[in-house]
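Here the structure is laid out as structure tokens; the discussion comes afterwards.
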Amino acid sequence: MMRALVISALAAVVLLISFAACAPISAPRTPITTFKPCEGRYFNDVKGLGGVYRQARADSCKVAMEPFDMGAWLEAPLNSHKVKGLRNVILGCANLTPSAETCDYGGLLGHSVTLTMNFDMANYPELAMVQKAVLAVRVNNNINYFTQTAQLRGRQMISDSFQSLGAEVTTPATQPGWVTFDVTAFAARAINERRNSVSFELSLPCGRSESELASVSILEAQPIIIVEYK
């Protein structure tokens with residue numbers, strides 16, 4: 001009796017495996033396009049940054065998108081890590097406070113902070129013809145130094161190397177505090193290749209004083225990508 005039950009159970013397992021092997025293969029899931037194609041009427045959705053973005057042409061659509069993930073990468077000698085949930089982040093390098101009575105410190109000095117952002121560029125229409133794209137960030141102080149020295153890098157996917165971006169940097173006068181970096185070619189490639197996790201890093205070179213630091217908004221006014229396409 002027991003042997004018959006074991007044989008029946010094994011037969012049932014074999015049947016289940018056979019059915020699973022013969023089941024049709026489901027199609028791979030692809031990202032759902034969030035933004036509609038630019039057909040017929042032209043539309044703008046730049047999330048209140050109409051004074052920040054300078055359009056390339058009138059007969060196109062402009063759509064802004066916020067990052068799905070962002071934070072501050074703190075590079076320290078012995079404990080580098082990502083910090084999230086900050087309203088603002090101070091970019092640049094800071095020194096540790098000497099703790100000895102003589103103000104001498106014999107350990108490893110300082111840390112640097114970089115703003116990291118990830119965008120899902122597959123949200124834009126697959127057949128979009130990109131006319132222009134910018135990354136916009138709001139700078140709270142020391143904006144002149146930031147504009148002259150900020151370094152923006154990006155990569156299409158994790159296995160890529162970071163490349164320098166934002167050769168053209170502007171500070172629109174109509175909405176003070178905002179700075180835009182031109183990322184047109186980079187964004188066009190990401191949209192064409194359906195990249196759903198494009199990474200950006202924004203940093204300042206290490207200086208010697210607080211005059212070489214700058215505060216950038218993260219949650220108070222999120223960084224935004226604006227893509228103009230047809």
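We label chains A, B, ... in the order they appear in the structure tokens, count residues from 1 in each chain, and number ligands from 1 in the order shown.
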Handout entry: Who sits within 8 Å of Phe43 in chain A, only C-alpha atoms, same chain under 6 positions skipped, as a list in words
Key = Ser60, Cys61 and Lys62 of chain A
Could you write out that same residue set with N, CA and C atoms as an mmCIF file, in the first residue's frame?
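New file again.cif:
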```
data_model
loop_
_atom_site.group_PDB
_atom_site.id
_atom_site.type_symbol
_atom_site.label_atom_id
_atom_site.label_comp_id
_atom_site.auth_asym_id
_atom_site.auth_seq_id
_atom_site.Cartn_x
_atom_site.Cartn_y
_atom_site.Cartn_z
ATOM 1 N N SER A 60 7.069 71.578 -30.591
ATOM 2 C CA SER A 60 7.548 70.371 -29.930
ATOM 3 C C SER A 60 6.857 70.237 -28.579
ATOM 4 N N CYS A 61 7.061 69.109 -27.930
ATOM 5 C CA CYS A 61 6.484 68.863 -26.603
ATOM 6 C C CYS A 61 7.614 68.858 -25.571
ATOM 7 N N LYS A 62 7.305 69.392 -24.387
ATOM 8 C CA LYS A 62 8.305 69.455 -23.321
ATOM 9 C C LYS A 62 7.732 68.770 -22.082
#
```
Practice task
Would you list the contacts of His111 in chain A as a ChimeraX atom specification, taking every protein, DNA or RNA residue within 8 Å and counting only C-alpha atoms, but skipping same-chain residues closer than 6 positions in sequence?
Solution key: /A:74-77,93-96
Practice task
Find the spatial neighbours of Val137 in chain A, counting only C-alpha atoms, within a cut-off of 8 Å - ignore same-chain residues fewer than 5 positions away - and output them as number ranges by chain.
Solution key: A: 178-180, 216-217, 221-224
Using C-alpha atoms, can you write the selected residues to a file as a PDB file, in the first residue's frame?
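Produced file part.pdb, reproduced below:
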```pdb
ATOM      1  CA  TRP A 178      18.057  77.147 -10.688  1.00  0.00           C
ATOM      2  CA  VAL A 179      20.940  75.857 -12.777  1.00  0.00           C
ATOM      3  CA  THR A 180      20.553  73.749 -15.925  1.00  0.00           C
ATOM      4  CA  VAL A 216      21.687  71.974  -3.422  1.00  0.00           C
ATOM      5  CA  SER A 217      18.016  71.117  -2.844  1.00  0.00           C
ATOM      6  CA  ALA A 221      12.926  71.251  -4.829  1.00  0.00           C
ATOM      7  CA  GLN A 222      13.849  68.002  -6.510  1.00  0.00           C
ATOM      8  CA  PRO A 223      16.300  67.825  -9.401  1.00  0.00           C
ATOM      9  CA  ILE A 224      14.409  67.439 -12.682  1.00  0.00           C
TER      10      ILE A 224
END
```
Exercise for the section: Please give the complete set of residues from range 29-199 of chain A that DSSP, run on the backbone, assigns to helix (DSSP H, G or I), formatted as a PyMOL selection string. Expected result: chain A and resi 121-123+143-149+184-192
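Between Leu202 in chain A and the residues A:Gly154, A:Pro67, A:Gly50, A:Gly110, the shortest atom-to-atom distance, using only C-alpha atoms, involves A:Gly154.
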Exercise for the section: Once DSSP has gone over the backbone, tell me which residues of range 31-208 of chain A are in strand (DSSP E), as an MDAnalysis selection string. Expected result: chainID A and resid 44:45 61:65 69:75 81:83 88:94 111:119 130:138 151:155 163:165 169:170 178:182 198:203
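If you look at CA of Asn88 in chain A and CA of Val134 in chain A, they are 20.6 Å away from each other.
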Handout entry: From A:Ala150, A:Cys206, A:Ile218, A:Ala190, residue lying nearest Gly71 in chain A [only C-alpha atoms]
Key = A:Ile218
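Among A:Val113, A:Cys38, A:Val169, A:Leu91, the residue with the shortest atom-to-atom distance to Val130 in chain A, counting only C-alpha atoms, is A:Cys38.
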Fill in the blank from the handout: Correct to one decimal, the distance CA of Ala136 in chain A-CA of Pro172 in chain A is 10.4 Å
Problem - Counting only C-alpha atoms, the option among A:Tyr42, A:Phe119, A:Phe68, A:Phe146 closest to Ile90 in chain A - result: A:Phe146
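In this model, the gap between CA of Leu213 in chain A and CA of Asn141 in chain A comes to 8.7 Å.
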